[in-house]
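Note: the block below is start-v8.json and it holds JSON, C-alpha atoms and all ligand atoms.
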```json
[["chain", "number", "residue", "atom", "x", "y", "z"],
["A", 1459, "MET", "CA", 104.44, 135.26, -133.47],
["A", 1460, "LYS", "CA", 101.50, 136.88, -135.29],
["A", 1461, "THR", "CA", 102.16, 139.43, -138.01],
["A", 1462, "LYS", "CA", 99.94, 141.47, -140.29],
["A", 1463, "HIS", "CA", 100.56, 138.74, -142.88],
["A", 1464, "ASP", "CA", 99.41, 135.97, -140.59],
["A", 1465, "HIS", "CA", 97.80, 133.68, -143.14],
["A", 1466, "ARG", "CA", 98.96, 130.50, -141.49],
["A", 1467, "THR", "CA", 95.67, 128.66, -140.99],
["A", 1468, "ALA", "CA", 96.59, 125.93, -143.48],
["A", 1469, "TRP", "CA", 99.95, 125.39, -141.78],
["A", 1470, "LEU", "CA", 98.85, 125.52, -138.16],
["A", 1471, "LYS", "CA", 95.71, 123.41, -138.44],
["A", 1472, "THR", "CA", 96.27, 119.81, -139.34],
["A", 1473, "GLY", "CA", 93.79, 118.37, -141.84],
["A", 1474, "ILE", "CA", 92.37, 120.22, -144.81],
["A", 1475, "SER", "CA", 92.11, 123.81, -143.51],
["A", 1476, "ARG", "CA", 92.76, 126.57, -146.00],
["A", 1477, "CYS", "CA", 94.10, 130.08, -145.37],
["A", 1478, "MET", "CA", 91.27, 132.62, -145.36],
["A", 1479, "ALA", "CA", 93.39, 135.35, -146.92],
["A", 1480, "PRO", "CA", 96.53, 133.89, -148.49],
["A", 1481, "PRO", "CA", 99.24, 136.33, -149.58],
["A", 1482, "GLY", "CA", 99.16, 137.50, -153.19],
["A", 1483, "GLN", "CA", 101.47, 136.00, -155.82],
["A", 1484, "THR", "CA", 104.97, 137.41, -155.43],
["A", 1485, "LYS", "CA", 107.05, 137.68, -158.61],
["A", 1486, "GLN", "CA", 110.12, 136.03, -157.12],
["A", 1487, "PRO", "CA", 109.07, 134.55, -153.79],
["A", 1488, "TYR", "CA", 111.72, 133.82, -151.18],
["A", 1489, "ARG", "CA", 111.84, 130.19, -150.12],
["A", 1490, "LEU", "CA", 114.13, 130.07, -147.13],
["A", 1491, "VAL", "CA", 115.17, 127.72, -144.37],
["A", 1492, "LEU", "CA", 116.13, 129.36, -141.06],
["A", 1493, "LEU", "CA", 118.77, 127.32, -139.23],
["A", 1494, "GLY", "CA", 120.24, 127.95, -135.81],
["A", 1495, "ALA", "CA", 120.17, 126.81, -132.21],
["A", 1496, "PRO", "CA", 117.02, 127.10, -130.07],
["A", 1497, "GLY", "CA", 116.54, 130.68, -128.92],
["A", 1498, "VAL", "CA", 118.94, 132.24, -131.41],
["A", 1499, "GLY", "CA", 116.09, 134.41, -132.74],
["A", 1500, "LYS", "CA", 114.73, 132.52, -135.78],
["A", 1501, "GLY", "CA", 111.08, 133.23, -134.94],
["A", 1502, "THR", "CA", 111.82, 136.91, -134.33],
["A", 1503, "GLN", "CA", 113.58, 137.20, -137.70],
["A", 1504, "ALA", "CA", 110.80, 135.28, -139.45],
["A", 1505, "ALA", "CA", 108.22, 137.74, -138.12],
["A", 1506, "LEU", "CA", 110.23, 140.74, -139.41],
["A", 1507, "PHE", "CA", 110.76, 139.08, -142.78],
["A", 1508, "CYS", "CA", 107.11, 138.08, -143.22],
["A", 1509, "GLU", "CA", 106.01, 141.59, -142.30],
["A", 1510, "GLU", "CA", 108.09, 143.03, -145.16],
["A", 1511, "PHE", "CA", 107.85, 140.31, -147.81],
["A", 1512, "GLY", "CA", 104.55, 138.54, -147.05],
["A", 1513, "ALA", "CA", 106.17, 135.09, -147.07],
["A", 1514, "CYS", "CA", 104.52, 132.50, -144.84],
["A", 1515, "HIS", "CA", 106.21, 131.56, -141.55],
["A", 1516, "LEU", "CA", 106.19, 127.75, -141.47],
["A", 1517, "SER", "CA", 107.33, 126.75, -137.97],
["A", 1518, "THR", "CA", 107.01, 123.10, -136.96],
["A", 1519, "GLY", "CA", 107.29, 124.13, -133.28],
["A", 1520, "ASP", "CA", 104.22, 126.38, -133.77],
["A", 1521, "VAL", "CA", 102.29, 123.44, -135.30],
["A", 1522, "PHE", "CA", 103.00, 121.30, -132.25],
["A", 1523, "ARG", "CA", 102.18, 124.15, -129.83],
["A", 1524, "ALA", "CA", 98.90, 124.82, -131.70],
["A", 1525, "ALA", "CA", 98.04, 121.12, -131.35],
["A", 1526, "GLY", "CA", 98.89, 121.37, -127.65],
["A", 1527, "SER", "CA", 96.10, 123.88, -127.12],
["A", 1528, "LEU", "CA", 93.49, 121.43, -128.50],
["A", 1529, "PRO", "CA", 91.62, 119.04, -126.18],
["A", 1530, "GLU", "CA", 93.62, 115.80, -125.86],
["A", 1531, "GLU", "CA", 91.03, 113.65, -127.67],
["A", 1532, "GLU", "CA", 91.19, 115.92, -130.75],
["A", 1533, "ARG", "CA", 94.96, 115.62, -131.16],
["A", 1534, "GLY", "CA", 95.43, 112.00, -132.10],
["A", 1535, "PRO", "CA", 98.14, 109.70, -130.71],
["A", 1536, "ALA", "CA", 101.00, 110.99, -132.90],
["A", 1537, "LEU", "CA", 100.57, 114.61, -131.77],
["A", 1538, "ASN", "CA", 100.18, 113.55, -128.13],
["A", 1539, "ARG", "CA", 103.51, 111.71, -128.42],
["A", 1540, "ALA", "CA", 105.10, 114.74, -130.09],
["A", 1541, "LEU", "CA", 104.07, 116.96, -127.18],
["A", 1542, "GLU", "CA", 105.73, 114.62, -124.69],
["A", 1543, "TYR", "CA", 109.06, 114.85, -126.56],
["A", 1544, "MET", "CA", 108.71, 118.60, -126.81],
["A", 1545, "ARG", "CA", 108.11, 119.09, -123.07],
["A", 1546, "ARG", "CA", 111.35, 117.26, -122.32],
["A", 1547, "GLY", "CA", 113.24, 119.34, -124.88],
["A", 1548, "GLU", "CA", 113.93, 116.32, -127.10],
["A", 1549, "LEU", "CA", 113.44, 116.29, -130.85],
["A", 1550, "VAL", "CA", 110.15, 114.83, -131.98],
["A", 1551, "PRO", "CA", 110.86, 111.60, -133.96],
["A", 1552, "ASP", "CA", 111.36, 112.13, -137.68],
["A", 1553, "GLU", "CA", 108.37, 109.97, -138.70],
["A", 1554, "ILE", "CA", 105.93, 112.18, -136.74],
["A", 1555, "VAL", "CA", 107.47, 115.42, -138.01],
["A", 1556, "LEU", "CA", 107.46, 114.18, -141.59],
["A", 1557, "GLU", "CA", 103.86, 113.05, -141.34],
["A", 1558, "VAL", "CA", 102.83, 116.54, -140.18],
["A", 1559, "VAL", "CA", 104.92, 118.36, -142.80],
["A", 1560, "SER", "CA", 103.79, 116.10, -145.65],
["A", 1561, "GLU", "CA", 100.18, 116.72, -144.66],
["A", 1562, "GLN", "CA", 100.80, 120.47, -144.93],
["A", 1563, "ALA", "CA", 103.04, 120.28, -148.04],
["A", 1564, "ASP", "CA", 100.67, 122.55, -150.01],
["A", 1565, "CYS", "CA", 102.09, 125.42, -147.92],
["A", 1566, "LEU", "CA", 105.40, 125.02, -149.79],
["A", 1567, "ARG", "CA", 103.54, 126.34, -152.84],
["A", 1568, "CYS", "CA", 102.41, 129.45, -150.95],
["A", 1569, "PRO", "CA", 102.32, 132.27, -153.55],
["A", 1570, "GLY", "CA", 104.13, 134.61, -151.13],
["A", 1571, "GLY", "CA", 106.99, 132.14, -150.55],
["A", 1572, "PHE", "CA", 107.92, 130.64, -147.17],
["A", 1573, "LEU", "CA", 110.33, 130.61, -144.26],
["A", 1574, "LEU", "CA", 110.82, 127.18, -142.77],
["A", 1575, "ASP", "CA", 111.66, 127.68, -139.08],
["A", 1576, "GLY", "CA", 112.67, 124.61, -137.05],
["A", 1577, "PHE", "CA", 112.40, 122.27, -140.03],
["A", 1578, "PRO", "CA", 114.48, 120.49, -141.19],
["A", 1579, "ARG", "CA", 116.29, 119.60, -137.98],
["A", 1580, "THR", "CA", 117.94, 116.31, -138.95],
["A", 1581, "ILE", "CA", 119.62, 115.04, -142.11],
["A", 1582, "ALA", "CA", 116.67, 112.65, -142.69],
["A", 1583, "GLN", "CA", 114.28, 115.65, -142.55],
["A", 1584, "ALA", "CA", 116.49, 117.64, -144.94],
["A", 1585, "LYS", "CA", 116.43, 114.79, -147.46],
["A", 1586, "ALA", "CA", 112.65, 114.50, -147.10],
["A", 1587, "LEU", "CA", 112.34, 118.25, -147.73],
["A", 1588, "ASP", "CA", 114.47, 117.91, -150.88],
["A", 1589, "GLU", "CA", 112.03, 115.27, -152.12],
["A", 1590, "LEU", "CA", 108.94, 117.31, -151.28],
["A", 1591, "LEU", "CA", 110.37, 120.34, -153.10],
["A", 1592, "GLU", "CA", 111.33, 118.24, -156.09],
["A", 1593, "GLN", "CA", 107.79, 116.86, -156.32],
["A", 1594, "GLU", "CA", 106.50, 120.44, -156.35],
["A", 1595, "HIS", "CA", 109.18, 121.57, -158.87],
["A", 1596, "LEU", "CA", 110.44, 124.12, -156.35],
["A", 1597, "SER", "CA", 113.88, 124.93, -154.99],
["A", 1598, "LEU", "CA", 115.19, 126.72, -151.93],
["A", 1599, "THR", "CA", 116.44, 130.27, -152.37],
["A", 1600, "SER", "CA", 118.91, 130.05, -149.46],
["A", 1601, "VAL", "CA", 119.45, 128.71, -145.95],
["A", 1602, "ALA", "CA", 120.14, 131.40, -143.34],
["A", 1603, "ASP", "CA", 122.25, 130.03, -140.49],
["A", 1604, "TYR", "CA", 122.09, 132.18, -137.34],
["A", 1605, "GLU", "CA", 125.08, 131.90, -134.99],
["A", 1606, "LEU", "CA", 125.31, 133.16, -131.40],
["A", 1607, "SER", "CA", 127.32, 132.20, -128.30],
["A", 1608, "ARG", "CA", 125.78, 129.60, -125.98],
["A", 1609, "GLU", "CA", 125.78, 132.10, -123.10],
["A", 1610, "LYS", "CA", 123.68, 134.61, -125.07],
["A", 1611, "ILE", "CA", 121.35, 131.89, -126.35],
["A", 1612, "ILE", "CA", 120.64, 130.75, -122.78],
["A", 1613, "ALA", "CA", 119.94, 134.37, -121.73],
["A", 1614, "ARG", "CA", 117.48, 134.79, -124.64],
["A", 1615, "LEU", "CA", 115.65, 131.56, -123.74],
["A", 1616, "ALA", "CA", 115.56, 132.24, -120.00],
["A", 1617, "GLY", "CA", 114.01, 135.68, -120.52],
["A", 1618, "ARG", "CA", 111.52, 134.76, -123.26],
["A", 1619, "ARG", "CA", 107.82, 135.22, -122.46],
["A", 1620, "ILE", "CA", 105.03, 134.37, -124.87],
["A", 1621, "CYS", "CA", 101.40, 135.36, -125.18],
["A", 1622, "PRO", "CA", 99.24, 132.20, -125.11],
["A", 1623, "ASN", "CA", 96.49, 134.04, -126.96],
["A", 1624, "CYS", "CA", 98.01, 136.00, -129.87],
["A", 1625, "LYS", "CA", 101.43, 134.22, -129.79],
["A", 1626, "ALA", "CA", 103.46, 137.47, -129.56],
["A", 1627, "THR", "CA", 106.99, 136.93, -128.17],
["A", 1628, "TYR", "CA", 108.67, 139.18, -125.58],
["A", 1629, "HIS", "CA", 111.84, 139.15, -123.54],
["A", 1630, "VAL", "CA", 111.98, 140.35, -119.95],
["A", 1631, "THR", "CA", 114.89, 142.73, -120.62],
["A", 1632, "ASN", "CA", 115.52, 142.85, -124.40],
["A", 1633, "HIS", "CA", 111.92, 143.30, -125.46],
["A", 1634, "PRO", "CA", 109.69, 143.81, -122.42],
["A", 1635, "PRO", "CA", 105.94, 144.44, -122.69],
["A", 1636, "ARG", "CA", 104.67, 147.91, -121.67],
["A", 1637, "VAL", "CA", 103.09, 146.43, -118.51],
["A", 1638, "GLU", "CA", 105.09, 143.66, -116.86],
["A", 1639, "GLY", "CA", 103.64, 140.20, -117.58],
["A", 1640, "VAL", "CA", 100.84, 141.49, -119.86],
["A", 1641, "CYS", "CA", 100.65, 141.23, -123.65],
["A", 1642, "ASP", "CA", 100.73, 144.64, -125.41],
["A", 1643, "ASN", "CA", 98.51, 143.37, -128.23],
["A", 1644, "CYS", "CA", 95.68, 141.57, -126.45],
["A", 1645, "GLY", "CA", 96.13, 142.02, -122.69],
["A", 1646, "ALA", "CA", 96.57, 138.27, -121.99],
["A", 1647, "LYS", "CA", 98.87, 137.14, -119.16],
["A", 1648, "LEU", "CA", 102.30, 136.23, -120.55],
["A", 1649, "GLN", "CA", 103.78, 132.78, -119.93],
["A", 1650, "GLN", "CA", 107.15, 131.08, -119.98],
["A", 1651, "ARG", "CA", 107.34, 128.19, -122.45],
["A", 1652, "GLU", "CA", 107.61, 124.87, -120.63],
["A", 1653, "ASP", "CA", 110.67, 123.93, -122.69],
["A", 1654, "ASP", "CA", 112.43, 127.21, -121.76],
["A", 1655, "LYS", "CA", 113.04, 125.90, -118.23],
["A", 1656, "PRO", "CA", 116.76, 125.13, -117.58],
["A", 1657, "GLU", "CA", 116.62, 121.30, -117.76],
["A", 1658, "ALA", "CA", 114.75, 121.29, -121.09],
["A", 1659, "VAL", "CA", 117.05, 124.01, -122.49],
["A", 1660, "ARG", "CA", 120.08, 121.82, -121.75],
["A", 1661, "VAL", "CA", 118.48, 118.89, -123.62],
["A", 1662, "ARG", "CA", 117.47, 121.13, -126.57],
["A", 1663, "LEU", "CA", 120.99, 122.53, -126.96],
["A", 1664, "GLN", "CA", 122.45, 119.00, -126.90],
["A", 1665, "ALA", "CA", 119.94, 117.85, -129.53],
["A", 1666, "TYR", "CA", 120.88, 120.84, -131.68],
["A", 1667, "GLU", "CA", 124.61, 120.04, -131.51],
["A", 1668, "LYS", "CA", 124.14, 116.36, -132.25],
["A", 1669, "LYS", "CA", 121.32, 116.28, -134.80],
["A", 1670, "THR", "CA", 120.89, 119.75, -136.31],
["A", 1671, "ARG", "CA", 124.38, 121.24, -136.58],
["A", 1672, "PRO", "CA", 125.33, 118.69, -139.30],
["A", 1673, "LEU", "CA", 122.82, 120.46, -141.56],
["A", 1674, "ILE", "CA", 125.23, 123.39, -141.84],
["A", 1675, "GLU", "CA", 127.62, 121.20, -143.83],
["A", 1676, "TYR", "CA", 124.73, 119.63, -145.76],
["A", 1677, "TYR", "CA", 123.57, 123.01, -147.07],
["A", 1678, "LYS", "CA", 127.08, 124.44, -147.42],
["A", 1679, "LYS", "CA", 127.89, 121.63, -149.89],
["A", 1680, "ARG", "CA", 124.80, 122.61, -151.91],
["A", 1681, "GLY", "CA", 125.91, 126.25, -152.06],
["A", 1682, "LEU", "CA", 122.82, 127.43, -150.18],
["A", 1683, "LEU", "CA", 124.21, 128.40, -146.77],
["A", 1684, "ILE", "CA", 124.39, 132.03, -145.62],
["A", 1685, "PRO", "CA", 126.05, 132.35, -142.18],
["A", 1686, "ILE", "CA", 124.62, 135.27, -140.17],
["A", 1687, "ASN", "CA", 125.89, 136.72, -136.90],
["A", 1688, "ALA", "CA", 122.81, 136.75, -134.63],
["A", 1689, "ASP", "CA", 124.30, 139.14, -132.06],
["A", 1690, "GLY", "CA", 122.80, 142.64, -131.84],
["A", 1691, "THR", "CA", 119.25, 143.92, -131.89],
["A", 1692, "PRO", "CA", 116.58, 142.09, -133.91],
["A", 1693, "GLU", "CA", 116.59, 144.97, -136.44],
["A", 1694, "GLN", "CA", 120.41, 144.79, -136.83],
["A", 1695, "VAL", "CA", 120.26, 141.02, -137.39],
["A", 1696, "TYR", "CA", 117.42, 141.49, -139.86],
["A", 1697, "GLN", "CA", 119.36, 144.10, -141.85],
["A", 1698, "ARG", "CA", 122.34, 141.72, -141.93],
["A", 1699, "THR", "CA", 120.08, 138.97, -143.28],
["A", 1700, "ILE", "CA", 118.65, 141.16, -146.02],
["A", 1701, "ALA", "CA", 122.12, 142.43, -146.99],
["A", 1702, "ALA", "CA", 123.44, 138.86, -147.21],
["A", 1703, "LEU", "CA", 120.47, 137.73, -149.33],
["A", 1704, "ARG", "CA", 120.92, 140.70, -151.67],
["A", 1705, "GLN", "CA", 124.63, 139.99, -152.00],
["A", 1706, "ILE", "CA", 123.94, 136.38, -152.97],
["A", 1707, "GLN", "CA", 121.27, 137.59, -155.37],
["A", 1708, "SER", "CA", 123.68, 139.86, -157.17],
["A", 1709, "CYS", "CA", 126.43, 137.19, -157.23],
["A", 1710, "ARG", "CA", 124.03, 134.67, -158.75],
["A", 1711, "ALA", "CA", 122.76, 137.21, -161.28],
["A", 1712, "GLY", "CA", 126.40, 138.00, -162.20],
["A", 1713, "ASP", "CA", 127.14, 134.31, -162.69],
["A", 1714, "GLY", "CA", 123.94, 133.87, -164.64],
["A", 1715, "VAL", "CA", 123.09, 131.16, -162.07],
["A", 1716, "GLY", "CA", 119.63, 131.06, -160.50],
["A", 1717, "ARG", "CA", 117.94, 134.06, -158.95],
["A", 1718, "LEU", "CA", 116.21, 135.06, -155.76],
["A", 1801, "LIG", "P1", 110.77, 125.33, -131.94],
["A", 1801, "LIG", "O1", 109.52, 126.00, -131.63],
["A", 1801, "LIG", "O2", 111.23, 125.24, -133.35],
["A", 1801, "LIG", "O3", 111.86, 125.98, -131.02],
["A", 1801, "LIG", "P2", 113.44, 126.23, -131.19],
["A", 1801, "LIG", "O4", 114.11, 125.85, -132.42],
["A", 1801, "LIG", "O5", 113.94, 125.60, -129.96],
["A", 1801, "LIG", "O6", 113.51, 127.71, -131.32],
["A", 1801, "LIG", "P3", 112.86, 128.75, -130.40],
["A", 1801, "LIG", "O7", 111.43, 129.00, -130.76],
["A", 1801, "LIG", "O8", 113.12, 128.34, -128.97],
["A", 1801, "LIG", "O9", 113.78, 130.01, -130.62],
["A", 1801, "LIG", "P4", 113.92, 131.03, -131.82],
["A", 1801, "LIG", "O10", 115.23, 130.79, -132.49],
["A", 1801, "LIG", "O11", 112.70, 131.07, -132.70],
["A", 1801, "LIG", "O12", 114.03, 132.36, -130.97],
["A", 1801, "LIG", "P5", 113.01, 133.55, -130.72],
["A", 1801, "LIG", "O13", 112.89, 134.38, -131.95],
["A", 1801, "LIG", "O14", 111.75, 133.06, -130.07],
["A", 1801, "LIG", "O15", 110.79, 123.82, -131.41],
["A", 1801, "LIG", "C1", 110.34, 123.50, -130.10],
["A", 1801, "LIG", "C2", 110.34, 121.99, -129.95],
["A", 1801, "LIG", "O16", 109.44, 121.39, -130.91],
["A", 1801, "LIG", "C3", 111.68, 121.27, -130.20],
["A", 1801, "LIG", "O17", 112.49, 121.27, -129.06],
["A", 1801, "LIG", "C4", 111.19, 119.87, -130.58],
["A", 1801, "LIG", "O18", 110.79, 119.13, -129.45],
["A", 1801, "LIG", "C5", 109.94, 120.15, -131.40],
["A", 1801, "LIG", "N1", 110.23, 120.29, -132.85],
["A", 1801, "LIG", "C6", 109.90, 121.35, -133.63],
["A", 1801, "LIG", "N2", 110.28, 121.14, -134.89],
["A", 1801, "LIG", "C7", 110.87, 119.92, -134.92],
["A", 1801, "LIG", "C8", 111.49, 119.15, -135.94],
["A", 1801, "LIG", "N3", 111.58, 119.61, -137.20],
["A", 1801, "LIG", "N4", 112.02, 117.95, -135.61],
["A", 1801, "LIG", "C9", 111.94, 117.46, -134.37],
["A", 1801, "LIG", "N5", 111.36, 118.14, -133.34],
["A", 1801, "LIG", "C10", 110.84, 119.36, -133.62],
["A", 1801, "LIG", "O19", 113.85, 134.39, -129.65],
["A", 1801, "LIG", "C11", 114.13, 133.89, -128.37],
["A", 1801, "LIG", "C12", 114.09, 135.05, -127.34],
["A", 1801, "LIG", "O20", 115.14, 135.96, -127.63],
["A", 1801, "LIG", "C13", 112.79, 135.88, -127.37],
["A", 1801, "LIG", "O21", 112.48, 136.26, -126.05],
["A", 1801, "LIG", "C14", 113.15, 137.11, -128.22],
["A", 1801, "LIG", "O22", 112.39, 138.24, -127.84],
["A", 1801, "LIG", "C15", 114.64, 137.28, -127.90],
["A", 1801, "LIG", "N6", 115.40, 137.77, -129.06],
["A", 1801, "LIG", "C16", 115.27, 137.36, -130.35],
["A", 1801, "LIG", "N7", 116.15, 138.01, -131.14],
["A", 1801, "LIG", "C17", 116.85, 138.85, -130.30],
["A", 1801, "LIG", "C18", 117.92, 139.77, -130.51],
["A", 1801, "LIG", "N8", 118.45, 139.98, -131.73],
["A", 1801, "LIG", "N9", 118.41, 140.43, -129.44],
["A", 1801, "LIG", "C19", 117.89, 140.22, -128.20],
["A", 1801, "LIG", "N10", 116.88, 139.37, -127.93],
["A", 1801, "LIG", "C20", 116.37, 138.68, -128.99]]
```
How does this structure look as structure tokens?
Amino acid sequence: MKTKHDHRTAWLKTGISRCMAPPGQTKQPYRLVLLGAPGVGKGTQAALFCEEFGACHLSTGDVFRAAGSLPEEERGPALNRALEYMRRGELVPDEIVLEVVSEQADCLRCPGGFLLDGFPRTIAQAKALDELLEQEHLSLTSVADYELSREKIIARLAGRRICPNCKATYHVTNHPPRVEGVCDNCGAKLQQREDDKPEAVRVRLQAYEKKTRPLIEYYKKRGLLIPINADGTPEQVYQRTIAALRQIQSCRAGDGVGRL
């Protein structure tokens, strides 16, 4: 989703692209991982957070979708393979994901901080992220884990519509556009994501349970996990996230341990 702080050129374009207008240096930038099942609302929360704090929204799904809009010959074999996995709802193999993320690792040093959305998704990816952060002498602020019932997740995915042009996200009932099927921002015709069709959703939820849910324990053991109830309106969930981050901030300050 695009926001007024959409400086993501370096992240979305593979190669050596640079952001035209990177965010300014923030005194204590947030460096967060957003965890949670597909459709729980991570992208929606990232957009609200970036709007307020200027952190960069680093979504691996968005990188693959951006590659998908390039002509096939410009993508390279690894990205073409990634798109095949994605269409079926399966996780893209770790080696491809890690190649893409390592290529864009400069974004971890974004002066406004970052929100990693959809990465890491496996224990191997989490360990690779630890290494990348260590190399950059950076650490995560927290890991926000969004939880919602399967029934509500499926309803969010089934009703999601996206703008292929400006990437805005809508929902047919929860967040409809002013004119049905048309983007409020740019007037483009809205689409359903290919992997939001029922068969792919089933595969994505299975992949989440098997490969991604173990990350909850991984980050809990490191004292980084903040569980967040993802039920309610996007604004309510956002306020819950901010309150939880502030609470951790004050606990850490009280302990004299770390800071946000
Ligand atoms: P990715 O793009 O990361 O998708 P995802 O994790 O499946 O998450 P979604 O984008 O579907 O959902 P979201 O949680 O962001 O929800 P949203 O805010 O849009 O990955 C896609 C694919 O790429 C993967 O399946 C895989 O193939 C591949 N991939 C990517 N990264 C990978 C990695 N690291 N390793 C391996 N493979 C990788 O909200 C959903 C809907 O709900 C919207 O319509 C929204 O309007 C609505 N909504 C949001 N919040 C609320 C609310 N509070 N109340 C009511 N409605 C709401």
List as a ChimeraX atom specification the protein and nucleic acid residues lying within 6 Å of ligand LIG 1801 (chain A), with all atoms listed in the file counted. /A:1496-1502,1518-1520,1543-1544,1547-1551,1555,1576-1579,1614-1615,1617-1619,1627-1629,1632-1633,1662,1689-1692
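The two atoms in question, CA of Leu1492 in chain A and CA of Gly1534 in chain A, are spaced 28.5 Å apart.
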Nearest to Ile1581 in chain A, restricted to only C-alpha atoms and choosing among A:Ala1613, A:Ile1674, A:Ala1646, A:Ala1536, comes out as A:Ile1674
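Using only C-alpha atoms, the nearest neighbour of Val1695 in chain A within the list A:Asn1643, A:Gln1707, A:Gln1503, A:Ser1600 is A:Gln1503.
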Among A:Cys1624, A:Ala1586, A:Ile1706, A:Leu1516, Cys1565 in chain A is approached most closely, using only C-alpha atoms, by A:Leu1516
Please complete range 1570-1581 of chain A with N, CA and C atoms and give it back as a JSON list (two decimals), keeping the file's coordinate frame.
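Here's the written file part.json:
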```
[["chain", "number", "residue", "atom", "x", "y", "z"],
["A", 1570, "GLY", "N", 103.25, 133.58, -151.70],
["A", 1570, "GLY", "CA", 104.13, 134.61, -151.13],
["A", 1570, "GLY", "C", 105.51, 134.07, -150.77],
["A", 1571, "GLY", "N", 105.74, 132.75, -150.99],
["A", 1571, "GLY", "CA", 106.99, 132.14, -150.55],
["A", 1571, "GLY", "C", 106.87, 131.66, -149.11],
["A", 1572, "PHE", "N", 107.98, 131.15, -148.55],
["A", 1572, "PHE", "CA", 107.92, 130.64, -147.17],
["A", 1572, "PHE", "C", 109.25, 130.77, -146.45],
["A", 1573, "LEU", "N", 109.15, 130.73, -145.12],
["A", 1573, "LEU", "CA", 110.33, 130.61, -144.26],
["A", 1573, "LEU", "C", 110.12, 129.40, -143.39],
["A", 1574, "LEU", "N", 110.91, 128.38, -143.62],
["A", 1574, "LEU", "CA", 110.82, 127.18, -142.77],
["A", 1574, "LEU", "C", 111.65, 127.44, -141.52],
["A", 1575, "ASP", "N", 111.01, 127.37, -140.36],
["A", 1575, "ASP", "CA", 111.66, 127.68, -139.08],
["A", 1575, "ASP", "C", 111.55, 126.44, -138.18],
["A", 1576, "GLY", "N", 112.69, 125.81, -137.90],
["A", 1576, "GLY", "CA", 112.67, 124.61, -137.05],
["A", 1576, "GLY", "C", 112.49, 123.33, -137.85],
["A", 1577, "PHE", "N", 112.45, 123.42, -139.14],
["A", 1577, "PHE", "CA", 112.40, 122.27, -140.03],
["A", 1577, "PHE", "C", 113.20, 122.63, -141.28],
["A", 1578, "PRO", "N", 114.09, 121.78, -141.75],
["A", 1578, "PRO", "CA", 114.48, 120.49, -141.19],
["A", 1578, "PRO", "C", 115.41, 120.65, -139.99],
["A", 1579, "ARG", "N", 115.46, 119.59, -139.18],
["A", 1579, "ARG", "CA", 116.29, 119.60, -137.98],
["A", 1579, "ARG", "C", 117.20, 118.38, -137.92],
["A", 1580, "THR", "N", 117.05, 117.49, -138.87],
["A", 1580, "THR", "CA", 117.94, 116.31, -138.95],
["A", 1580, "THR", "C", 118.24, 116.10, -140.44],
["A", 1581, "ILE", "N", 119.29, 115.30, -140.71],
["A", 1581, "ILE", "CA", 119.62, 115.04, -142.11],
["A", 1581, "ILE", "C", 118.45, 114.32, -142.80]]
```
